[in-house]
There are 4 protein chains.
Amino acid sequence: MMAANSFGNRFVIHSFGESHGLGLGVVIDGCPAGIEFDLDFLRSELVRRRPGVWAQDVDVAVSQRQESDSPEVISGVYGGKTLGTPICILVRNLDQRSGDYDAIEKQARAGHADDMWKEKFKHVDHRGGGRSSGRETVARVMAGAVAKMLLKEVNPKIEISGLLSSVGPLQESQFTKYEEFQVAYRNLLKQAQAQGESHGGIVTICLRNLPIGLGQPVFHKLKSDLAGAMLSVGATIGFEFGDGFAAAKKPGTEFHRATNSVYGGIRGGISTGEEITMNIAFKPTSSILNIAKMGRHDPCVAIRAIPVLESMAALVIADHWLWSKTDLL
Amino acid sequence: MMAANSFGNRFVIHSFGESHGLGLGVVIDGCPAGIEFDLDFLRSELVRRRPGVWAQDVDVAVSQRQESDSPEVISGVYGGKTLGTPICILVRNLDQRSGDYDAIEKQARAGHADDMWKEKFKHVDHRGGGRSSGRETVARVMAGAVAKMLLKEVNPKIEISGLLSSVGPLQESQFTKYEEFQVAYRNLLKQAQAQGESHGGIVTICLRNLPIGLGQPVFHKLKSDLAGAMLSVGATIGFEFGDGFAAAKKPGTEFHRATNSVYGGIRGGISTGEEITMNIAFKPTSSILNIAKMGRHDPCVAIRAIPVLESMAALVIADHWLWSKTDLL
Amino acid sequence: MMAANSFGNRFVIHSFGESHGLGLGVVIDGCPAGIEFDLDFLRSELVRRRPGVWAQDVDVAVSQRQESDSPEVISGVYGGKTLGTPICILVRNLDQRSGDYDAIEKQARAGHADDMWKEKFKHVDHRGGGRSSGRETVARVMAGAVAKMLLKEVNPKIEISGLLSSVGPLQESQFTKYEEFQVAYRNLLKQAQAQGESHGGIVTICLRNLPIGLGQPVFHKLKSDLAGAMLSVGATIGFEFGDGFAAAKKPGTEFHRATNSVYGGIRGGISTGEEITMNIAFKPTSSILNIAKMGRHDPCVAIRAIPVLESMAALVIADHWLWSKTDLL
Amino acid sequence: MMAANSFGNRFVIHSFGESHGLGLGVVIDGCPAGIEFDLDFLRSELVRRRPGVWAQDVDVAVSQRQESDSPEVISGVYGGKTLGTPICILVRNLDQRSGDYDAIEKQARAGHADDMWKEKFKHVDHRGGGRSSGRETVARVMAGAVAKMLLKEVNPKIEISGLLSSVGPLQESQFTKYEEFQVAYRNLLKQAQAQGESHGGIVTICLRNLPIGLGQPVFHKLKSDLAGAMLSVGATIGFEFGDGFAAAKKPGTEFHRATNSVYGGIRGGISTGEEITMNIAFKPTSSILNIAKMGRHDPCVAIRAIPVLESMAALVIADHWLWSKTDLL
């Protein structure tokens, strides 16, 4: 039983804001007191989801302190530590960007969502659809950054990392080195941008060194909450865990020989401490041609979605870590 | 913010019961008053998820009124109508079946989940793992049956139907007629049973004639709630919506030409009224050889899972239908 | 965001059942694994809320093992310990009692609630009102008994005890000994029963040796959750904490001199570890004359409500104790 | 199952902000689309809860457009209408006021709450206690104003109005006209201020022309949710509904003769459409002498609390009105 814009059961976040309004933000309720709050890390996460990052290394973008959304921590933090009270982080929408910036943000919309929102809420204006914009993911990335701060204190070895494993027809496994794959897909995307084309993609998220025992029975199995979280991101269209759809085609004797593929880090819905891998499929973006004219569009939204997916994973893990604290007296 | 064994935000269900205990059941809270309660339908849905159904047509099993779990409606219904109060439905575990019946139920467990549950809850006994058994799905099927009764009154044309689209290496699309696929996979499964082998599979769920406008922004997009619901079923390992992983490999210009594949019945997270299709992948079951000796094991859990997946879909749709009633004044 | 028949945020209970249906029960979700489950204690708590207990000492009733509702633990407990899975406890409604027993149960209804329920849910039958019957409190007492089992393991010194402090015009403070008050109010109630009269009353609940730090900011202050819990019991009409309404008439300098009355065990919404006292007012029951003819009616529902109020208090305390486990890392 | 700083089940609000931080605010999730948003009304409600209002007519304060908190609507509203998306309203804390203004805000704290918060969250700094400050009620008043806008569209005749019925030893019923009571209590409070004294008080909230059928069974009876809401306000110490504690002392035959006092507008937990009255008791504020030196303290917090209590009532009614929309198909 949730509010429509809330996520999580113990580490709970409330997202707000339209892409065309004054700003967007998130309220985090349930973060324990005393967690070290790393504002620089928060900012660097926001740089990673910036439009245009696809065209270069994120590391470069981050190191150049490129312009990004500027988060303002309204509440819940003092003296560099969380207070145990709700953490509200706000980002203003800057008017000066509203030209092509808006257009790029719009691009992440799944198909032409505006008419659906108008149908649902009978809006008088186009702004109502601003919640289905890719810009809303700012709130997720900010909340995910705080979840990562929490997990760092639980165990600094916990890793949540995403990687492109497929861009359009190109798959990482077709290349001997990851760098070769990167060169190939960047060329593909430059070409796509020039032609007003777009491509789908697949992101692989790896979770390592998780605590054992995360996940709740039946409806909050770890895999269930992770799937729901990933599919809440715009333009996602598929999810698989471990070997996924390929595993469905193998006979049991073969499948169960390969230990890790068998369990993929989750058994009975509960984390085993082994590595968990997930693939998330994105469809090619819509509204291609008109956006392409603006000169800055992302021809593959999967790239910018990586920090968003990592953030959703971090939120699920932080949530279940807190939840597990009441499994026993 | 949910209790661990609850599902839904407006049409809410609470599942309880261990496979080795006295019984299992479900409490449904949030079903409006005045819905016609069809006990025969409830019973026929339970027959569909019975162990052993794979070996024959479900229709035959249902028509023969084969032995199944016997549901007892404890509360919430009177005079053939729902009262608006919580509907509790209970099913006893029958002792006489506890021999090989238990073994078959166990088979649906994802890997060897028992040790994970013991790790988590420090159980003194094996029964604690009984929540991760396939038997728990009795509760889902009973609740799903009630959700279907509600949806029938919303619009009798709403259809929620599941179909096997792949069993191990066999795919429906390889055959010209569905019956040929059925003959082929039954042969495959008989062979598997004889050899102590098991197979994964893929189930396709179709939703037709849904109301327009179902789904909530951001974290409760229809696709997100459906994905989380499907992946909460044991042995599931993947989910895709519409063309899914295949769509991720197509260029945008091609993808968006094929109208239905573009949107797949959901845009911006909201139902468009068009057909929605989902594929759900199951891994091959574990614990194959020892179970096979009992003579009755299901060599492909995907088959019995069909009514369970349909039930989860019905719960999500009923939930969002009620939710949409407060979108506008 | 709750289901209508659920209570609690960490130690969550789901109540179900009509007074005229097959039975009533409760599902407890969130009780940690490994808690000792004391079935005898559960039964003795049910005896305390039995109709007719007013007329004699509860201790006598309990020791005589007088007929009471017979609880069946369907799930969540094995080998005398909780499993960490949902605990479902069911009580059958016995047909043979349905004559005057029903009538007595009905008596606890607040005014003539039946017509309101009919108005709300358009029931075809009188049974729909069965959720507003005093019989529903069976579920609360069973859940409260489990909460008390949990709290006993947290700290065996925690005390949750209720006492009548006023019956109609008689107040405990007017008597030098509690026994004299008891004699007086029993005489008053015998007379009331003979005359078809009824009386209101005030119950005082004391909480001792609570952990320090229970309560959450703003909307889940301990006093707020306790007040909501108490006022959810039928026929309640007022609540005060510490000196309550009397304190509102004292000047601050006087009020704050008396240390305990100042804070009453809660400051800033959070338990201080000091004793907490609450008074809960009950109105005189309605439907007096027609019920009186049956010969067994309770002329003051406040008496039987004592274990119900204690149960609600235990649920709130258990809930907040679990909640406090995530205040810090 | 709620986040700690959230309130409501359908019309849900999330409060954030410390009294000493950058600002405070509220996110409202669940307000239907298309409601007329009256910013002037929102501002006038904030003026009513301003410190210092006790000393003069609220009407005067409002008409003089006296300095008050300046609300910024960040999201959820466009073109004067709600969008159906989360409404975030932010108020900055102004540094220039931080001297005696802070001190006045602190005064509303229940006893010395700071040490309790420090105990709970191990804060390094005094600011952590800023959630238990009276300043947090800004969020409630802003959310309550939006709830009143919603209710106005449901039925413009719905009235939610609060009135002082007792200040220290003075009770409204002792005076023939309300104005005489006002003159008397203002004199009392001026004297109190001069002497560093404080007084408790009782506020009476009246709800008129409510829809019939609001309230959910068992744990969300209208009276239960109203009681929990009122007792969540700082410095409250008692709640009664209708005749409350006085009713507990009357025999049933007398009580039930007086129709309205019998039911007080709620039967079986459900609104009857008749007037509902509630009395809420406040203790005298603490920290009297040191605050008094600042020259602006409120010697009776009950006065400023009136718009806060009205807001909480409006939130409960709006919540239950939305909830009732799913009672029937």
# chains A, B, ... in the order shown; residues from 1 in each chain; ligands from 1
>>> interface_residues(of="chain B", to="chain D", cutoff="6 Å", atoms="only C-alpha atoms", output="ChimeraX atom specification")
/B:1-2,32-33,327-329
>>> select_by_dssp(residues="range 193-284 of chain D", states="strand (DSSP E)", output="PyMOL selection string")
chain D and resi 201-208+236-241+266-267+270-271+276-282
>>> calpha_fit_and_write(fixed="chain A", moving="chain B", output="compact mmCIF listing (two decimals) with C-alpha atoms, in the first residue's frame")
# COMPACT_ATOMS: atom_id res chain seq x y z
CA MET B 1 -0.02 0.00 -0.02
CA MET B 2 1.91 2.90 -1.35
CA ALA B 3 1.47 6.46 -2.43
CA ALA B 4 1.83 6.59 -6.21
CA ASN B 5 5.13 8.47 -6.15
CA SER B 6 6.74 6.59 -3.27
CA PHE B 7 9.16 3.69 -3.44
CA GLY B 8 10.52 1.37 -0.77
CA ASN B 9 9.28 -0.18 2.43
CA ARG B 10 11.87 0.78 5.03
CA PHE B 11 14.18 3.15 3.15
CA VAL B 12 11.31 5.06 1.59
CA ILE B 13 11.55 7.80 -1.04
CA HIS B 14 8.95 10.25 -2.28
CA SER B 15 9.57 11.79 -5.69
CA PHE B 16 8.05 15.08 -6.86
CA GLY B 17 8.35 17.64 -9.63
CA GLU B 18 7.51 18.17 -13.30
CA SER B 19 10.12 18.64 -16.00
CA HIS B 20 8.57 21.98 -16.98
CA GLY B 21 7.87 23.27 -13.48
CA LEU B 22 10.01 25.06 -10.90
CA GLY B 23 12.00 22.02 -9.93
CA LEU B 24 12.19 18.38 -9.00
CA GLY B 25 13.22 16.61 -5.87
CA VAL B 26 12.97 13.76 -3.49
CA VAL B 27 12.21 13.20 0.18
CA ILE B 28 13.96 10.23 1.77
CA ASP B 29 12.26 8.92 4.90
CA GLY B 30 13.75 6.06 6.86
CA CYS B 31 17.47 6.72 6.44
CA PRO B 32 19.07 6.02 9.83
CA ALA B 33 20.77 8.84 11.73
CA GLY B 34 24.51 9.26 11.69
CA ILE B 35 25.28 8.27 8.09
CA GLU B 36 28.08 10.33 6.53
CA PHE B 37 26.58 12.55 3.82
CA ASP B 38 28.86 12.99 0.81
CA LEU B 39 27.64 15.96 -1.22
CA ASP B 40 30.43 15.65 -3.79
CA PHE B 41 29.40 12.08 -4.48
CA LEU B 42 25.79 13.19 -4.90
CA ARG B 43 26.88 15.78 -7.46
CA SER B 44 29.05 13.33 -9.39
CA GLU B 45 26.13 10.91 -9.64
CA LEU B 46 24.01 13.69 -11.14
CA VAL B 47 26.70 14.41 -13.74
CA ARG B 48 26.53 10.78 -14.81
CA ARG B 49 22.87 11.01 -15.75
CA ARG B 50 23.26 14.36 -17.59
CA PRO B 51 21.97 14.49 -21.17
CA GLY B 52 24.87 14.27 -23.57
CA VAL B 53 27.07 12.11 -21.38
CA TRP B 54 26.79 9.27 -23.87
CA ALA B 55 29.17 11.03 -26.23
CA GLN B 56 32.12 10.82 -23.89
CA ASP B 57 33.46 9.01 -20.92
CA VAL B 58 31.51 9.67 -17.80
CA ASP B 59 34.81 9.89 -15.96
CA VAL B 60 35.83 12.77 -18.18
CA ALA B 61 32.53 14.50 -17.64
CA VAL B 62 32.79 14.09 -13.90
CA SER B 63 36.41 15.21 -13.73
CA GLN B 64 35.69 18.30 -15.81
CA ARG B 65 33.00 19.24 -13.31
CA GLN B 66 30.70 19.80 -16.22
CA GLU B 67 27.57 21.73 -15.66
CA SER B 68 24.92 19.59 -14.08
CA ASP B 69 21.86 19.91 -11.92
CA SER B 70 22.70 21.62 -8.69
CA PRO B 71 21.20 19.77 -5.71
CA GLU B 72 20.11 21.68 -2.62
CA VAL B 73 19.83 19.67 0.59
CA ILE B 74 16.83 21.25 2.31
CA SER B 75 16.59 19.02 5.36
CA GLY B 76 17.70 15.90 7.17
CA VAL B 77 21.45 16.55 7.13
CA TYR B 78 23.59 18.59 9.49
CA GLY B 79 27.29 18.72 10.13
CA GLY B 80 27.90 16.22 7.34
CA LYS B 81 25.71 13.53 8.92
CA THR B 82 22.15 12.38 8.40
CA LEU B 83 19.83 13.31 11.26
CA GLY B 84 17.34 10.44 11.03
CA THR B 85 14.73 12.95 9.84
CA PRO B 86 13.45 13.20 6.24
CA ILE B 87 16.13 14.22 3.77
CA CYS B 88 14.72 16.56 1.13
CA ILE B 89 16.91 17.33 -1.87
CA LEU B 90 15.72 19.84 -4.44
CA VAL B 91 16.93 20.66 -7.94
CA ARG B 92 15.69 23.72 -9.75
CA ASN B 93 14.73 23.63 -13.40
CA LEU B 94 16.74 26.37 -15.06
CA ASP B 95 14.78 28.55 -17.44
CA GLN B 96 17.73 29.32 -19.68
CA ARG B 97 17.98 25.71 -20.65
CA SER B 98 14.36 25.35 -21.47
CA GLY B 99 14.84 25.37 -25.24
CA ASP B 100 16.61 22.34 -26.60
CA TYR B 101 17.26 21.00 -23.11
CA ASP B 102 13.59 20.37 -22.68
CA ALA B 103 13.49 18.67 -26.02
CA ILE B 104 16.21 16.28 -25.02
CA GLU B 105 14.51 15.47 -21.79
CA LYS B 106 11.30 14.78 -23.66
CA GLN B 107 13.06 12.25 -25.79
CA ALA B 108 13.24 9.77 -22.95
CA ARG B 109 9.48 9.58 -22.84
CA ALA B 110 8.13 6.20 -23.68
CA GLY B 111 6.41 6.73 -27.03
CA HIS B 112 4.09 9.68 -26.99
CA ALA B 113 3.07 9.49 -23.38
CA ASP B 114 1.60 12.98 -23.23
CA ASP B 115 -1.73 12.00 -24.68
CA MET B 116 -2.06 9.15 -22.16
CA TRP B 117 -1.48 11.50 -19.27
CA LYS B 118 -3.97 13.95 -20.69
CA GLU B 119 -6.48 11.11 -21.02
CA LYS B 120 -5.92 10.06 -17.44
CA PHE B 121 -5.82 13.36 -15.61
CA LYS B 122 -7.72 15.59 -18.11
CA HIS B 123 -4.94 18.12 -18.00
CA VAL B 124 -5.50 21.55 -19.40
CA ASP B 125 -1.85 21.79 -20.29
CA HIS B 126 1.09 19.82 -21.60
CA ARG B 127 2.98 20.14 -18.33
CA GLY B 128 1.02 17.42 -16.62
CA GLY B 129 2.95 14.89 -18.64
CA GLY B 130 6.13 16.17 -17.10
CA ARG B 131 6.23 13.32 -14.59
CA SER B 132 6.79 10.76 -17.35
CA SER B 133 9.80 12.66 -18.66
CA GLY B 134 13.32 11.32 -18.30
CA ARG B 135 14.01 14.33 -16.16
CA GLU B 136 12.12 12.74 -13.27
CA THR B 137 15.07 10.35 -12.89
CA VAL B 138 17.01 13.18 -11.20
CA ALA B 139 15.03 12.32 -8.08
CA ARG B 140 15.94 8.65 -8.34
CA VAL B 141 19.63 9.35 -8.80
CA MET B 142 19.73 11.68 -5.79
CA ALA B 143 17.94 9.13 -3.60
CA GLY B 144 20.12 6.34 -4.95
CA ALA B 145 23.22 8.31 -4.04
CA VAL B 146 22.03 8.49 -0.44
CA ALA B 147 21.26 4.75 -0.48
CA LYS B 148 24.82 4.14 -1.65
CA MET B 149 26.14 6.28 1.23
CA LEU B 150 24.19 4.07 3.64
CA LEU B 151 25.42 0.84 2.04
CA LYS B 152 28.98 2.10 2.17
CA GLU B 153 28.71 2.17 5.96
CA VAL B 154 27.06 -1.26 6.06
CA ASN B 155 30.00 -2.70 4.15
CA PRO B 156 32.39 -0.68 1.97
CA LYS B 157 32.87 -3.73 -0.23
CA ILE B 158 29.29 -3.70 -1.50
CA GLU B 159 29.41 -2.92 -5.22
CA ILE B 160 26.56 -1.82 -7.45
CA SER B 161 27.81 -1.25 -10.96
CA GLY B 162 26.19 -1.00 -14.35
CA LEU B 163 27.61 -1.53 -17.81
CA LEU B 164 26.28 -1.37 -21.35
CA SER B 165 26.24 -4.92 -22.67
CA SER B 166 24.42 -4.27 -25.94
CA VAL B 167 23.71 -1.24 -28.14
CA GLY B 168 21.33 -1.89 -31.00
CA PRO B 169 22.69 -4.88 -32.91
CA LEU B 170 26.12 -4.72 -31.21
CA GLN B 171 26.76 -6.99 -28.25
CA GLU B 172 29.69 -6.81 -25.88
CA SER B 173 30.22 -10.56 -26.24
CA GLN B 174 31.01 -10.11 -29.93
CA PHE B 175 34.18 -8.19 -29.05
CA THR B 176 37.36 -9.43 -27.40
CA LYS B 177 37.86 -6.27 -25.38
CA TYR B 178 35.29 -3.95 -23.85
CA GLU B 179 37.08 -0.96 -25.35
CA GLU B 180 36.51 -2.33 -28.82
CA PHE B 181 32.82 -2.61 -28.08
CA GLN B 182 32.86 1.00 -26.87
CA VAL B 183 34.52 2.25 -30.03
CA ALA B 184 32.03 0.34 -32.14
CA TYR B 185 28.90 1.55 -30.38
CA ARG B 186 30.08 5.15 -30.28
CA ASN B 187 30.53 5.04 -34.01
CA LEU B 188 27.12 3.49 -34.37
CA LEU B 189 25.56 6.20 -32.25
CA LYS B 190 27.32 9.07 -34.02
CA GLN B 191 25.97 7.72 -37.26
CA ALA B 192 22.54 7.30 -35.71
CA GLN B 193 22.59 10.87 -34.52
CA ALA B 194 23.48 12.14 -37.95
CA GLN B 195 20.67 10.14 -39.49
CA GLY B 196 18.00 10.80 -36.92
CA GLU B 197 18.06 7.15 -36.02
CA SER B 198 17.93 5.67 -32.52
CA HIS B 199 18.88 2.36 -30.94
CA GLY B 200 17.76 0.25 -28.06
CA GLY B 201 20.23 -1.34 -25.69
CA ILE B 202 20.81 -3.65 -22.79
CA VAL B 203 22.36 -2.66 -19.46
CA THR B 204 23.85 -5.24 -17.13
CA ILE B 205 23.81 -4.43 -13.42
CA CYS B 206 26.11 -6.37 -11.08
CA LEU B 207 25.67 -6.52 -7.32
CA ARG B 208 28.64 -7.83 -5.39
CA ASN B 209 29.35 -8.55 -1.72
CA LEU B 210 25.77 -8.10 -0.63
CA PRO B 211 24.84 -9.18 2.87
CA ILE B 212 23.36 -12.69 3.06
CA GLY B 213 19.68 -12.96 3.83
CA LEU B 214 18.21 -9.93 2.02
CA GLY B 215 14.71 -10.46 0.63
CA GLN B 216 11.33 -11.18 2.14
CA PRO B 217 9.10 -14.15 1.40
CA VAL B 218 6.55 -14.41 -1.33
CA PHE B 219 5.83 -10.89 -2.61
CA HIS B 220 9.07 -9.16 -1.71
CA LYS B 221 11.59 -11.63 -2.95
CA LEU B 222 14.75 -9.76 -3.84
CA LYS B 223 14.31 -10.58 -7.52
CA SER B 224 10.72 -9.34 -7.47
CA ASP B 225 11.58 -5.98 -5.94
CA LEU B 226 14.56 -5.57 -8.27
CA ALA B 227 12.44 -6.36 -11.33
CA GLY B 228 9.72 -3.91 -10.33
CA ALA B 229 12.35 -1.24 -9.63
CA MET B 230 14.07 -1.66 -13.00
CA LEU B 231 10.84 -1.71 -15.00
CA SER B 232 9.73 1.53 -13.34
CA VAL B 233 12.39 3.35 -15.40
CA GLY B 234 11.06 4.84 -18.65
CA ALA B 235 11.79 3.01 -21.95
CA THR B 236 12.61 -0.30 -20.20
CA ILE B 237 11.00 -3.26 -21.87
CA GLY B 238 12.58 -6.36 -20.36
CA PHE B 239 14.38 -7.75 -17.33
CA GLU B 240 16.25 -10.96 -16.70
CA PHE B 241 18.09 -12.28 -13.74
CA GLY B 242 21.21 -14.42 -14.15
CA ASP B 243 20.93 -16.31 -17.43
CA GLY B 244 17.26 -15.41 -17.77
CA PHE B 245 15.59 -16.24 -21.05
CA ALA B 246 18.54 -18.36 -22.14
CA ALA B 247 18.22 -20.45 -18.98
CA ALA B 248 14.61 -21.20 -19.87
CA LYS B 249 15.85 -23.16 -22.88
CA LYS B 250 18.41 -25.32 -21.12
CA PRO B 251 17.64 -28.73 -19.60
CA GLY B 252 17.83 -28.81 -15.83
CA THR B 253 20.84 -31.14 -15.68
CA GLU B 254 22.92 -28.71 -17.72
CA PHE B 255 21.60 -25.59 -16.00
CA HIS B 256 22.30 -26.86 -12.52
CA ARG B 257 25.85 -27.91 -13.33
CA ALA B 258 26.96 -24.32 -13.71
CA THR B 259 26.78 -23.30 -10.07
CA ASN B 260 26.51 -19.58 -10.31
CA SER B 261 24.10 -19.55 -13.18
CA VAL B 262 21.87 -21.83 -11.17
CA TYR B 263 21.17 -19.49 -8.36
CA GLY B 264 22.46 -16.16 -9.61
CA GLY B 265 22.99 -14.96 -6.06
CA ILE B 266 19.35 -15.35 -5.01
CA ARG B 267 17.73 -18.53 -3.70
CA GLY B 268 14.15 -18.73 -2.49
CA GLY B 269 14.00 -14.98 -3.07
CA ILE B 270 16.86 -14.33 -0.61
CA SER B 271 20.41 -13.10 -1.30
CA THR B 272 23.12 -15.74 -0.87
CA GLY B 273 26.05 -13.33 -0.81
CA GLU B 274 27.13 -14.44 -4.29
CA GLU B 275 27.16 -12.03 -7.22
CA ILE B 276 23.81 -11.06 -8.67
CA THR B 277 23.58 -10.00 -12.31
CA MET B 278 20.60 -8.54 -14.10
CA ASN B 279 20.05 -7.49 -17.70
CA ILE B 280 17.66 -4.66 -18.43
CA ALA B 281 16.44 -4.09 -22.01
CA PHE B 282 15.59 -0.64 -23.39
CA LYS B 283 13.59 -0.01 -26.52
CA PRO B 284 14.86 2.47 -29.10
CA THR B 285 13.61 5.95 -28.28
CA SER B 286 10.75 7.46 -30.20
CA SER B 287 10.31 10.98 -31.58
CA ILE B 288 13.58 10.60 -33.38
CA LEU B 289 13.65 12.94 -36.32
CA ASN B 290 12.26 16.09 -34.83
CA ILE B 291 14.51 15.82 -31.82
CA ALA B 292 17.58 15.07 -33.90
CA LYS B 293 17.39 18.52 -35.40
CA MET B 294 18.23 20.01 -32.06
CA GLY B 295 21.67 18.55 -32.39
CA ARG B 296 22.13 17.16 -28.92
CA HIS B 297 19.83 14.18 -28.61
CA ASP B 298 20.87 10.88 -27.05
CA PRO B 299 20.49 8.22 -29.72
CA CYS B 300 20.47 5.46 -27.06
CA VAL B 301 18.79 6.22 -23.74
CA ALA B 302 20.23 3.07 -22.18
CA ILE B 303 23.54 4.88 -21.62
CA ARG B 304 22.25 7.68 -19.46
CA ALA B 305 19.98 5.18 -17.74
CA ILE B 306 22.91 3.32 -16.18
CA PRO B 307 23.21 5.53 -13.08
CA VAL B 308 19.41 5.50 -12.81
CA LEU B 309 19.31 1.68 -12.77
CA GLU B 310 22.19 1.55 -10.31
CA SER B 311 20.27 3.96 -8.12
CA MET B 312 17.14 1.84 -8.22
CA ALA B 313 19.22 -1.22 -7.29
CA ALA B 314 20.85 0.66 -4.41
CA LEU B 315 17.43 1.72 -3.15
CA VAL B 316 16.18 -1.87 -3.18
CA ILE B 317 19.28 -3.16 -1.40
CA ALA B 318 19.25 -0.42 1.26
CA ASP B 319 15.55 -1.05 1.78
CA HIS B 320 16.00 -4.79 2.27
CA TRP B 321 19.02 -4.32 4.46
CA LEU B 322 16.96 -2.23 6.87
CA TRP B 323 14.09 -4.67 6.55
CA SER B 324 16.29 -7.61 7.52
CA LYS B 325 17.07 -5.94 10.84
CA THR B 326 13.71 -7.12 12.18
CA ASP B 327 13.88 -10.72 10.93
CA LEU B 328 15.06 -11.75 14.36
CA LEU B 329 14.63 -10.21 17.80
